[in-house]
$ cat query-v9.cif   # mmCIF, N, CA and C atoms
data_protein
#
loop_
_atom_site.label_atom_id
_atom_site.label_comp_id
_atom_site.auth_asym_id
_atom_site.auth_seq_id
_atom_site.Cartn_x
_atom_site.Cartn_y
_atom_site.Cartn_z
N MET M 280 -36.45 27.56 6.55
CA MET M 280 -35.12 26.99 6.46
C MET M 280 -34.50 27.45 5.15
N ALA M 281 -33.26 27.85 5.20
CA ALA M 281 -32.56 28.33 4.03
C ALA M 281 -32.01 27.16 3.22
N ALA M 282 -32.06 27.30 1.91
CA ALA M 282 -31.44 26.29 1.05
C ALA M 282 -29.94 26.51 1.11
N GLY M 283 -29.22 25.43 1.05
CA GLY M 283 -27.77 25.57 1.10
C GLY M 283 -27.08 24.25 0.95
N GLY M 284 -25.77 24.31 1.02
CA GLY M 284 -24.98 23.10 0.90
C GLY M 284 -23.53 23.42 1.17
N PHE M 285 -22.70 22.40 1.06
CA PHE M 285 -21.29 22.58 1.34
C PHE M 285 -20.47 21.69 0.42
N CYS M 286 -19.19 21.98 0.35
CA CYS M 286 -18.26 21.18 -0.42
C CYS M 286 -16.97 21.09 0.38
N LYS M 287 -16.49 19.89 0.61
CA LYS M 287 -15.23 19.70 1.32
C LYS M 287 -14.10 19.73 0.31
N LEU M 288 -13.09 20.53 0.60
CA LEU M 288 -11.96 20.70 -0.30
C LEU M 288 -10.86 19.70 0.04
N PRO M 289 -9.94 19.43 -0.89
CA PRO M 289 -8.87 18.45 -0.64
C PRO M 289 -8.00 18.77 0.57
N ASN M 290 -7.86 20.05 0.94
CA ASN M 290 -7.02 20.39 2.09
C ASN M 290 -7.77 20.27 3.42
N GLY M 291 -9.02 19.81 3.40
CA GLY M 291 -9.78 19.58 4.61
C GLY M 291 -10.73 20.71 4.98
N THR M 292 -10.60 21.89 4.37
CA THR M 292 -11.51 22.99 4.66
C THR M 292 -12.80 22.80 3.88
N VAL M 293 -13.80 23.61 4.19
CA VAL M 293 -15.08 23.53 3.50
C VAL M 293 -15.49 24.89 2.98
N VAL M 294 -16.33 24.86 1.95
CA VAL M 294 -17.00 26.05 1.45
C VAL M 294 -18.49 25.79 1.63
N VAL M 295 -19.14 26.68 2.38
CA VAL M 295 -20.57 26.56 2.64
C VAL M 295 -21.29 27.64 1.85
N ALA M 296 -22.39 27.26 1.19
CA ALA M 296 -23.21 28.20 0.43
C ALA M 296 -24.62 28.18 1.00
N LEU M 297 -25.18 29.36 1.23
CA LEU M 297 -26.53 29.47 1.77
C LEU M 297 -27.33 30.51 1.00
N ASN M 298 -28.58 30.19 0.70
CA ASN M 298 -29.51 31.17 0.15
C ASN M 298 -30.33 31.69 1.32
N LEU M 299 -30.22 32.98 1.59
CA LEU M 299 -30.87 33.58 2.76
C LEU M 299 -31.72 34.77 2.36
N PRO M 300 -32.73 35.07 3.17
CA PRO M 300 -33.40 36.36 2.97
C PRO M 300 -32.42 37.46 3.38
N SER M 301 -32.50 38.57 2.74
CA SER M 301 -31.55 39.64 3.00
C SER M 301 -31.73 40.22 4.39
N PRO M 302 -30.63 40.39 5.17
CA PRO M 302 -30.74 40.97 6.50
C PRO M 302 -30.88 42.49 6.48
N ALA M 303 -30.55 43.12 5.37
CA ALA M 303 -30.63 44.57 5.28
C ALA M 303 -31.97 44.99 4.68
N ALA M 304 -32.54 46.06 5.19
CA ALA M 304 -33.84 46.51 4.73
C ALA M 304 -33.80 47.01 3.28
N ASP M 305 -32.70 47.63 2.87
CA ASP M 305 -32.62 48.21 1.53
C ASP M 305 -31.95 47.28 0.52
N ALA M 306 -31.66 46.06 0.90
CA ALA M 306 -30.98 45.11 0.03
C ALA M 306 -32.02 44.28 -0.75
N PRO M 307 -31.56 43.50 -1.71
CA PRO M 307 -32.46 42.66 -2.49
C PRO M 307 -33.18 41.64 -1.61
N ALA M 308 -34.20 41.00 -2.17
CA ALA M 308 -35.03 40.08 -1.41
C ALA M 308 -34.27 38.87 -0.89
N GLY M 309 -33.38 38.33 -1.66
CA GLY M 309 -32.62 37.17 -1.23
C GLY M 309 -31.17 37.27 -1.66
N VAL M 310 -30.30 36.64 -0.88
CA VAL M 310 -28.88 36.68 -1.19
C VAL M 310 -28.30 35.27 -1.10
N ARG M 311 -27.23 35.04 -1.82
CA ARG M 311 -26.46 33.80 -1.75
C ARG M 311 -25.16 34.15 -1.05
N VAL M 312 -24.92 33.51 0.07
CA VAL M 312 -23.73 33.78 0.89
C VAL M 312 -22.80 32.59 0.79
N LEU M 313 -21.50 32.86 0.61
CA LEU M 313 -20.47 31.83 0.58
C LEU M 313 -19.48 32.07 1.69
N ILE M 314 -19.15 31.00 2.42
CA ILE M 314 -18.23 31.08 3.54
C ILE M 314 -17.16 30.01 3.38
N HIS M 315 -15.89 30.40 3.54
CA HIS M 315 -14.78 29.45 3.55
C HIS M 315 -14.31 29.34 4.99
N ALA M 316 -14.27 28.11 5.52
CA ALA M 316 -13.87 27.91 6.92
C ALA M 316 -13.26 26.52 7.09
N GLN M 317 -12.78 26.27 8.31
CA GLN M 317 -12.17 24.98 8.63
C GLN M 317 -13.18 23.84 8.62
N ASN M 318 -14.42 24.12 9.05
CA ASN M 318 -15.48 23.12 9.03
C ASN M 318 -16.83 23.82 8.96
N ARG M 319 -17.91 23.04 8.82
CA ARG M 319 -19.24 23.64 8.67
C ARG M 319 -19.65 24.43 9.90
N ALA M 320 -19.33 23.94 11.08
CA ALA M 320 -19.72 24.63 12.30
C ALA M 320 -19.06 26.01 12.38
N ARG M 321 -17.80 26.09 12.03
CA ARG M 321 -17.10 27.38 12.06
C ARG M 321 -17.64 28.33 11.00
N ALA M 322 -18.04 27.80 9.87
CA ALA M 322 -18.63 28.65 8.82
C ALA M 322 -19.92 29.30 9.33
N LEU M 323 -20.77 28.52 9.96
CA LEU M 323 -22.02 29.06 10.49
C LEU M 323 -21.76 30.01 11.65
N THR M 324 -20.74 29.73 12.44
CA THR M 324 -20.39 30.62 13.55
C THR M 324 -19.94 31.98 13.01
N ARG M 325 -19.23 31.99 11.90
CA ARG M 325 -18.82 33.27 11.31
C ARG M 325 -20.03 34.13 10.96
N LEU M 326 -21.08 33.51 10.42
CA LEU M 326 -22.31 34.26 10.11
C LEU M 326 -23.03 34.70 11.37
N ARG M 327 -23.08 33.83 12.35
CA ARG M 327 -23.76 34.17 13.61
C ARG M 327 -23.05 35.32 14.32
N ASN M 328 -21.74 35.38 14.23
CA ASN M 328 -20.99 36.47 14.84
C ASN M 328 -21.28 37.81 14.17
N LEU M 329 -21.76 37.78 12.94
CA LEU M 329 -22.11 38.99 12.22
C LEU M 329 -23.55 39.43 12.48
N GLY M 330 -24.28 38.66 13.28
CA GLY M 330 -25.65 39.03 13.61
C GLY M 330 -26.72 38.17 12.96
N LEU M 331 -26.35 37.23 12.13
CA LEU M 331 -27.33 36.34 11.50
C LEU M 331 -27.50 35.12 12.39
N ARG M 332 -28.28 35.27 13.44
CA ARG M 332 -28.36 34.25 14.50
C ARG M 332 -29.10 32.98 14.10
N ALA M 333 -30.11 33.09 13.28
CA ALA M 333 -30.96 31.93 12.97
C ALA M 333 -30.56 31.26 11.66
N VAL M 334 -29.28 31.04 11.46
CA VAL M 334 -28.79 30.41 10.24
C VAL M 334 -28.38 28.98 10.54
N TYR M 335 -28.99 28.05 9.81
CA TYR M 335 -28.69 26.63 9.99
C TYR M 335 -28.47 25.99 8.63
N LEU M 336 -27.68 24.95 8.58
CA LEU M 336 -27.46 24.20 7.36
C LEU M 336 -27.94 22.78 7.59
N ARG M 337 -29.01 22.44 6.91
CA ARG M 337 -29.55 21.09 7.00
C ARG M 337 -29.58 20.50 5.60
N GLY M 338 -28.79 19.50 5.39
CA GLY M 338 -28.75 18.87 4.08
C GLY M 338 -27.74 19.51 3.17
N ASN M 339 -27.77 19.07 1.93
CA ASN M 339 -26.82 19.55 0.94
C ASN M 339 -27.56 19.74 -0.38
N THR M 340 -28.67 20.49 -0.32
CA THR M 340 -29.53 20.64 -1.49
C THR M 340 -29.01 21.63 -2.51
N ALA M 341 -28.22 22.62 -2.09
CA ALA M 341 -27.69 23.64 -3.01
C ALA M 341 -26.22 23.88 -2.73
N PRO M 342 -25.36 22.89 -3.06
CA PRO M 342 -23.93 23.06 -2.78
C PRO M 342 -23.33 24.14 -3.68
N PRO M 343 -22.18 24.67 -3.29
CA PRO M 343 -21.54 25.70 -4.12
C PRO M 343 -21.04 25.13 -5.44
N THR M 344 -21.13 25.93 -6.48
CA THR M 344 -20.63 25.53 -7.79
C THR M 344 -19.12 25.73 -7.82
N PRO M 345 -18.43 25.14 -8.79
CA PRO M 345 -16.98 25.37 -8.89
C PRO M 345 -16.62 26.85 -9.03
N ASP M 346 -17.42 27.62 -9.76
CA ASP M 346 -17.15 29.05 -9.89
C ASP M 346 -17.29 29.77 -8.55
N GLU M 347 -18.28 29.38 -7.76
CA GLU M 347 -18.47 29.99 -6.44
C GLU M 347 -17.31 29.64 -5.51
N ILE M 348 -16.85 28.41 -5.58
CA ILE M 348 -15.72 27.99 -4.75
C ILE M 348 -14.48 28.81 -5.10
N THR M 349 -14.24 28.99 -6.38
CA THR M 349 -13.10 29.80 -6.80
C THR M 349 -13.22 31.22 -6.30
N ALA M 350 -14.43 31.79 -6.38
CA ALA M 350 -14.64 33.18 -5.95
C ALA M 350 -14.33 33.34 -4.47
N VAL M 351 -14.84 32.45 -3.63
CA VAL M 351 -14.64 32.61 -2.18
C VAL M 351 -13.20 32.30 -1.78
N LEU M 352 -12.53 31.40 -2.48
CA LEU M 352 -11.14 31.10 -2.16
C LEU M 352 -10.21 32.25 -2.51
N HIS M 353 -10.57 33.05 -3.49
CA HIS M 353 -9.73 34.17 -3.90
C HIS M 353 -10.07 35.47 -3.18
N HIS M 354 -11.07 35.44 -2.31
CA HIS M 354 -11.41 36.65 -1.55
C HIS M 354 -10.66 36.62 -0.22
N PRO M 355 -10.05 37.73 0.18
CA PRO M 355 -9.25 37.72 1.41
C PRO M 355 -10.04 37.41 2.68
N ASP M 356 -11.31 37.80 2.75
CA ASP M 356 -12.11 37.53 3.94
C ASP M 356 -12.69 36.12 3.95
N GLY M 357 -12.88 35.52 2.77
CA GLY M 357 -13.49 34.20 2.69
C GLY M 357 -14.96 34.21 3.03
N LEU M 358 -15.61 35.37 2.87
CA LEU M 358 -17.03 35.51 3.20
C LEU M 358 -17.62 36.54 2.24
N ILE M 359 -18.38 36.06 1.25
CA ILE M 359 -18.90 36.93 0.20
C ILE M 359 -20.38 36.66 -0.05
N TRP M 360 -21.03 37.57 -0.80
CA TRP M 360 -22.45 37.41 -1.11
C TRP M 360 -22.77 38.07 -2.45
N ARG M 361 -23.89 37.68 -3.02
CA ARG M 361 -24.50 38.37 -4.16
C ARG M 361 -25.97 38.01 -4.19
N THR M 362 -26.73 38.70 -5.03
CA THR M 362 -28.15 38.44 -5.12
C THR M 362 -28.38 36.99 -5.53
N ALA M 363 -29.32 36.34 -4.85
CA ALA M 363 -29.62 34.94 -5.16
C ALA M 363 -30.22 34.83 -6.55
N PRO M 364 -29.85 33.80 -7.31
CA PRO M 364 -30.41 33.64 -8.65
C PRO M 364 -31.91 33.36 -8.57
N ALA M 365 -32.67 34.05 -9.38
CA ALA M 365 -34.13 33.87 -9.40
C ALA M 365 -34.50 32.82 -10.44
N GLY M 366 -35.17 31.78 -10.00
CA GLY M 366 -35.62 30.74 -10.92
C GLY M 366 -34.50 29.98 -11.60
N GLY M 367 -33.35 29.91 -10.97
CA GLY M 367 -32.24 29.16 -11.53
C GLY M 367 -31.46 29.91 -12.60
N VAL M 368 -31.85 31.16 -12.87
CA VAL M 368 -31.15 31.97 -13.86
C VAL M 368 -29.94 32.62 -13.21
N LEU M 369 -28.77 32.37 -13.74
CA LEU M 369 -27.55 32.95 -13.18
C LEU M 369 -27.45 34.42 -13.56
N SER M 370 -27.01 35.22 -12.61
CA SER M 370 -26.83 36.64 -12.89
C SER M 370 -25.35 36.93 -13.14
N LEU M 371 -25.11 38.07 -13.75
CA LEU M 371 -23.74 38.47 -14.02
C LEU M 371 -23.22 39.41 -12.95
N GLU M 372 -23.91 39.48 -11.84
CA GLU M 372 -23.49 40.34 -10.73
C GLU M 372 -22.20 39.81 -10.11
N LEU M 373 -21.33 40.73 -9.74
CA LEU M 373 -20.08 40.35 -9.08
C LEU M 373 -20.33 40.05 -7.61
N TRP M 374 -19.39 39.35 -6.99
CA TRP M 374 -19.48 39.04 -5.57
C TRP M 374 -19.08 40.27 -4.76
N HIS M 375 -19.73 40.42 -3.60
CA HIS M 375 -19.47 41.55 -2.71
C HIS M 375 -18.95 41.03 -1.37
N PRO M 376 -18.10 41.80 -0.68
CA PRO M 376 -17.70 41.41 0.67
C PRO M 376 -18.91 41.52 1.60
N ILE M 377 -18.93 40.72 2.64
CA ILE M 377 -20.08 40.67 3.54
C ILE M 377 -20.34 42.00 4.22
N ARG M 378 -19.31 42.80 4.44
CA ARG M 378 -19.51 44.09 5.11
C ARG M 378 -20.36 45.04 4.27
N ALA M 379 -20.47 44.80 2.95
CA ALA M 379 -21.34 45.61 2.11
C ALA M 379 -22.80 45.27 2.33
N LEU M 380 -23.09 44.09 2.85
CA LEU M 380 -24.48 43.68 3.10
C LEU M 380 -24.92 44.02 4.51
N ILE M 381 -24.05 43.76 5.47
CA ILE M 381 -24.39 43.97 6.87
C ILE M 381 -23.69 45.24 7.34
N LYS M 382 -24.45 46.28 7.41
CA LYS M 382 -23.90 47.57 7.86
C LYS M 382 -24.22 47.75 9.32
N ARG M 383 -23.19 47.85 10.12
CA ARG M 383 -23.38 48.04 11.55
C ARG M 383 -23.68 49.50 11.84
N PRO M 384 -24.63 49.76 12.74
CA PRO M 384 -24.90 51.15 13.08
C PRO M 384 -23.70 51.80 13.75
N ALA M 385 -23.55 53.09 13.49
CA ALA M 385 -22.43 53.83 14.07
C ALA M 385 -22.59 53.91 15.58
N ALA M 386 -21.50 53.71 16.29
CA ALA M 386 -21.54 53.77 17.75
C ALA M 386 -21.69 55.21 18.19
N SER M 387 -22.66 55.46 19.04
CA SER M 387 -22.86 56.83 19.53
C SER M 387 -22.18 56.99 20.88
N ALA M 388 -21.55 58.12 21.07
CA ALA M 388 -20.82 58.35 22.32
C ALA M 388 -21.64 59.11 23.31
#
$ encode --input "query-v9.cif" --output "structure tokens"
Amino acid sequence: MAAGGFCKLPNGTVVVALNLPSPAADAPAGVRVLIHAQNRARALTRLRNLGLRAVYLRGNTAPPTPDEITAVLHHPDGLIWRTAPAGGVLSLELWHPIRALIKRPAASA
């Protein structure tokens, strides 16, 4: 089960944060994913539509920080990631759009 949490914003939307194992073979061991959506179910559906089928949010053990909320609200897609902090140490890595993590194979004709 992935650690994660959510925060409900004053306008009724939510920001969901999840620590997940990386779906890409050449990516880091773990990633922190942030999703901005109308509700928690829609946030998880956005990840499932990208191919991350076994993603669930149970509890609120690792909610997004105020800096993370600001980052996802200012991103046009509302879906970003970066390497998960190891041992609680924050990294200075910038946030990346989700398409940089999940690379779809090229369609062959």
$ resolve_selection --input "query-v9.cif" --expression "the PyMOL selection byres ((chain M and resi 315-323) around 7)" --output "VMD selection string"
chain M and resid 291 to 295 313 to 314 324 to 328 334 351 to 352 356 to 359
$ closest_residue --input "query-v9.cif" --among "M:Glu372, M:Lys287, M:Ala282, M:Arg361" --to "M:Asn339" --atoms "only N, CA and C atoms"
M:Ala282
$ closest_residue --input "query-v9.cif" --among "M:Trp360, M:Ala350, M:Thr340, M:Pro345" --to "M:Arg378" --atoms "all atoms listed in the file"
M:Trp360
$ residues_around --input "query-v9.cif" --residues "M:Ala296" --least-positions-apart "4" --cutoff "5 Å" --atoms "only N, CA and C atoms" --output "ChimeraX atom specification"
/M:283-285,312-313
$ atom_distance --input "query-v9.cif" --atom1 "atom C of M:Ala341" --atom2 "atom CA of M:Cys286"
8.7 Å
$ closest_residue --input "query-v9.cif" --among "M:Leu297, M:Val310, M:Leu371, M:Ala363" --to "M:Arg337" --atoms "only C-alpha atoms"
M:Leu297
$ atom_distance --input "query-v9.cif" --atom1 "atom CA of M:Arg311" --atom2 "atom N of M:Leu299"
5.1 Å
$ select_by_dssp --input "query-v9.cif" --residues "stretch 283-362 of chain M" --states "strand (DSSP E or B)" --output "ChimeraX atom specification"
/M:283-287,293-300,309-316,358-362
$ axis_aligned_box --input "query-v9.cif" --around "stretch 281-299 of chain M" --padding-each-side "8 Å" --output "AutoDock Vina command-line options"
--center_x -20.1 --center_y 26.6 --center_z 2.2 --size_x 42.2 --size_y 32.3 --size_z 22.1
$ atom_distance --input "query-v9.cif" --atom1 "atom C of M:His354" --atom2 "atom N of M:Trp374"
11.4 Å
$ decode --input "query-v9.cif" --residues "stretch 316-328 of chain M" --atoms "all heavy atoms" --output "PDB file, in the first residue's frame"
ATOM      1  N   ALA M 316      -7.705  17.559  -8.326  1.00  0.00           N
ATOM      2  CA  ALA M 316      -8.944  17.099  -8.960  1.00  0.00           C
ATOM      3  C   ALA M 316     -10.148  17.582  -8.153  1.00  0.00           C
ATOM      4  O   ALA M 316     -10.015  18.162  -7.075  1.00  0.00           O
ATOM      5  CB  ALA M 316      -8.949  15.583  -9.055  1.00  0.00           C
ATOM      6  N   GLN M 317     -11.339  17.296  -8.687  1.00  0.00           N
ATOM      7  CA  GLN M 317     -12.584  17.691  -8.029  1.00  0.00           C
ATOM      8  C   GLN M 317     -12.816  16.933  -6.726  1.00  0.00           C
ATOM      9  O   GLN M 317     -13.382  17.470  -5.795  1.00  0.00           O
ATOM     10  CB  GLN M 317     -13.775  17.472  -8.967  1.00  0.00           C
ATOM     11  CG  GLN M 317     -13.786  18.412 -10.146  1.00  0.00           C
ATOM     12  CD  GLN M 317     -13.915  19.859  -9.720  1.00  0.00           C
ATOM     13  OE1 GLN M 317     -14.680  20.191  -8.833  1.00  0.00           O
ATOM     14  NE2 GLN M 317     -13.134  20.718 -10.337  1.00  0.00           N
ATOM     15  N   ASN M 318     -12.400  15.661  -6.683  1.00  0.00           N
ATOM     16  CA  ASN M 318     -12.525  14.861  -5.465  1.00  0.00           C
ATOM     17  C   ASN M 318     -11.474  13.749  -5.489  1.00  0.00           C
ATOM     18  O   ASN M 318     -10.766  13.583  -6.473  1.00  0.00           O
ATOM     19  CB  ASN M 318     -13.945  14.305  -5.304  1.00  0.00           C
ATOM     20  CG  ASN M 318     -14.384  13.510  -6.500  1.00  0.00           C
ATOM     21  OD1 ASN M 318     -13.661  12.663  -7.012  1.00  0.00           O
ATOM     22  ND2 ASN M 318     -15.603  13.775  -6.959  1.00  0.00           N
ATOM     23  N   ARG M 319     -11.374  12.993  -4.389  1.00  0.00           N
ATOM     24  CA  ARG M 319     -10.346  11.950  -4.298  1.00  0.00           C
ATOM     25  C   ARG M 319     -10.535  10.867  -5.345  1.00  0.00           C
ATOM     26  O   ARG M 319      -9.572  10.380  -5.931  1.00  0.00           O
ATOM     27  CB  ARG M 319     -10.336  11.323  -2.903  1.00  0.00           C
ATOM     28  CG  ARG M 319      -9.741  12.249  -1.862  1.00  0.00           C
ATOM     29  CD  ARG M 319      -9.779  11.620  -0.517  1.00  0.00           C
ATOM     30  NE  ARG M 319     -11.157  11.696  -0.030  1.00  0.00           N
ATOM     31  CZ  ARG M 319     -11.601  11.113   1.061  1.00  0.00           C
ATOM     32  NH1 ARG M 319     -10.799  10.390   1.787  1.00  0.00           N
ATOM     33  NH2 ARG M 319     -12.843  11.244   1.425  1.00  0.00           N
ATOM     34  N   ALA M 320     -11.769  10.484  -5.609  1.00  0.00           N
ATOM     35  CA  ALA M 320     -12.021   9.430  -6.587  1.00  0.00           C
ATOM     36  C   ALA M 320     -11.550   9.849  -7.981  1.00  0.00           C
ATOM     37  O   ALA M 320     -10.935   9.054  -8.705  1.00  0.00           O
ATOM     38  CB  ALA M 320     -13.508   9.081  -6.607  1.00  0.00           C
ATOM     39  N   ARG M 321     -11.810  11.073  -8.355  1.00  0.00           N
ATOM     40  CA  ARG M 321     -11.368  11.556  -9.673  1.00  0.00           C
ATOM     41  C   ARG M 321      -9.849  11.653  -9.752  1.00  0.00           C
ATOM     42  O   ARG M 321      -9.253  11.419 -10.804  1.00  0.00           O
ATOM     43  CB  ARG M 321     -11.989  12.905  -9.992  1.00  0.00           C
ATOM     44  CG  ARG M 321     -13.433  12.785 -10.378  1.00  0.00           C
ATOM     45  CD  ARG M 321     -13.949  14.086 -10.906  1.00  0.00           C
ATOM     46  NE  ARG M 321     -15.373  13.961 -11.205  1.00  0.00           N
ATOM     47  CZ  ARG M 321     -16.065  14.882 -11.807  1.00  0.00           C
ATOM     48  NH1 ARG M 321     -15.483  16.008 -12.191  1.00  0.00           N
ATOM     49  NH2 ARG M 321     -17.339  14.709 -12.036  1.00  0.00           N
ATOM     50  N   ALA M 322      -9.217  12.005  -8.655  1.00  0.00           N
ATOM     51  CA  ALA M 322      -7.752  12.073  -8.636  1.00  0.00           C
ATOM     52  C   ALA M 322      -7.156  10.689  -8.901  1.00  0.00           C
ATOM     53  O   ALA M 322      -6.238  10.545  -9.712  1.00  0.00           O
ATOM     54  CB  ALA M 322      -7.265  12.615  -7.299  1.00  0.00           C
ATOM     55  N   LEU M 323      -7.684   9.676  -8.247  1.00  0.00           N
ATOM     56  CA  LEU M 323      -7.178   8.320  -8.451  1.00  0.00           C
ATOM     57  C   LEU M 323      -7.528   7.815  -9.846  1.00  0.00           C
ATOM     58  O   LEU M 323      -6.742   7.084 -10.461  1.00  0.00           O
ATOM     59  CB  LEU M 323      -7.719   7.387  -7.376  1.00  0.00           C
ATOM     60  CG  LEU M 323      -7.244   7.738  -5.958  1.00  0.00           C
ATOM     61  CD1 LEU M 323      -7.904   6.822  -4.946  1.00  0.00           C
ATOM     62  CD2 LEU M 323      -5.747   7.699  -5.845  1.00  0.00           C
ATOM     63  N   THR M 324      -8.670   8.211 -10.368  1.00  0.00           N
ATOM     64  CA  THR M 324      -9.046   7.819 -11.730  1.00  0.00           C
ATOM     65  C   THR M 324      -8.072   8.407 -12.743  1.00  0.00           C
ATOM     66  O   THR M 324      -7.722   7.754 -13.723  1.00  0.00           O
ATOM     67  CB  THR M 324     -10.481   8.273 -12.042  1.00  0.00           C
ATOM     68  OG1 THR M 324     -11.367   7.635 -11.114  1.00  0.00           O
ATOM     69  CG2 THR M 324     -10.879   7.923 -13.461  1.00  0.00           C
ATOM     70  N   ARG M 325      -7.617   9.627 -12.510  1.00  0.00           N
ATOM     71  CA  ARG M 325      -6.632  10.230 -13.423  1.00  0.00           C
ATOM     72  C   ARG M 325      -5.369   9.381 -13.495  1.00  0.00           C
ATOM     73  O   ARG M 325      -4.800   9.189 -14.570  1.00  0.00           O
ATOM     74  CB  ARG M 325      -6.280  11.647 -12.970  1.00  0.00           C
ATOM     75  CG  ARG M 325      -7.410  12.633 -13.174  1.00  0.00           C
ATOM     76  CD  ARG M 325      -6.986  14.031 -12.843  1.00  0.00           C
ATOM     77  NE  ARG M 325      -6.099  14.522 -13.912  1.00  0.00           N
ATOM     78  CZ  ARG M 325      -5.460  15.676 -13.845  1.00  0.00           C
ATOM     79  NH1 ARG M 325      -5.596  16.456 -12.793  1.00  0.00           N
ATOM     80  NH2 ARG M 325      -4.691  16.061 -14.829  1.00  0.00           N
ATOM     81  N   LEU M 326      -4.909   8.863 -12.355  1.00  0.00           N
ATOM     82  CA  LEU M 326      -3.724   7.995 -12.353  1.00  0.00           C
ATOM     83  C   LEU M 326      -4.015   6.658 -13.013  1.00  0.00           C
ATOM     84  O   LEU M 326      -3.199   6.133 -13.764  1.00  0.00           O
ATOM     85  CB  LEU M 326      -3.229   7.766 -10.929  1.00  0.00           C
ATOM     86  CG  LEU M 326      -2.453   8.901 -10.300  1.00  0.00           C
ATOM     87  CD1 LEU M 326      -2.042   8.536  -8.890  1.00  0.00           C
ATOM     88  CD2 LEU M 326      -1.244   9.263 -11.127  1.00  0.00           C
ATOM     89  N   ARG M 327      -5.177   6.107 -12.741  1.00  0.00           N
ATOM     90  CA  ARG M 327      -5.534   4.812 -13.341  1.00  0.00           C
ATOM     91  C   ARG M 327      -5.643   4.920 -14.860  1.00  0.00           C
ATOM     92  O   ARG M 327      -5.287   3.996 -15.577  1.00  0.00           O
ATOM     93  CB  ARG M 327      -6.826   4.295 -12.729  1.00  0.00           C
ATOM     94  CG  ARG M 327      -6.636   3.886 -11.286  1.00  0.00           C
ATOM     95  CD  ARG M 327      -7.890   3.314 -10.671  1.00  0.00           C
ATOM     96  NE  ARG M 327      -7.633   3.040  -9.273  1.00  0.00           N
ATOM     97  CZ  ARG M 327      -8.388   3.492  -8.284  1.00  0.00           C
ATOM     98  NH1 ARG M 327      -9.468   4.194  -8.537  1.00  0.00           N
ATOM     99  NH2 ARG M 327      -8.075   3.210  -7.038  1.00  0.00           N
ATOM    100  N   ASN M 328      -6.122   6.043 -15.357  1.00  0.00           N
ATOM    101  CA  ASN M 328      -6.214   6.245 -16.800  1.00  0.00           C
ATOM    102  C   ASN M 328      -4.839   6.318 -17.458  1.00  0.00           C
ATOM    103  O   ASN M 328      -4.709   6.101 -18.659  1.00  0.00           O
ATOM    104  CB  ASN M 328      -7.008   7.504 -17.125  1.00  0.00           C
ATOM    105  CG  ASN M 328      -8.479   7.333 -16.849  1.00  0.00           C
ATOM    106  OD1 ASN M 328      -8.979   6.223 -16.722  1.00  0.00           O
ATOM    107  ND2 ASN M 328      -9.179   8.447 -16.737  1.00  0.00           N
TER     108      ASN M 328
END
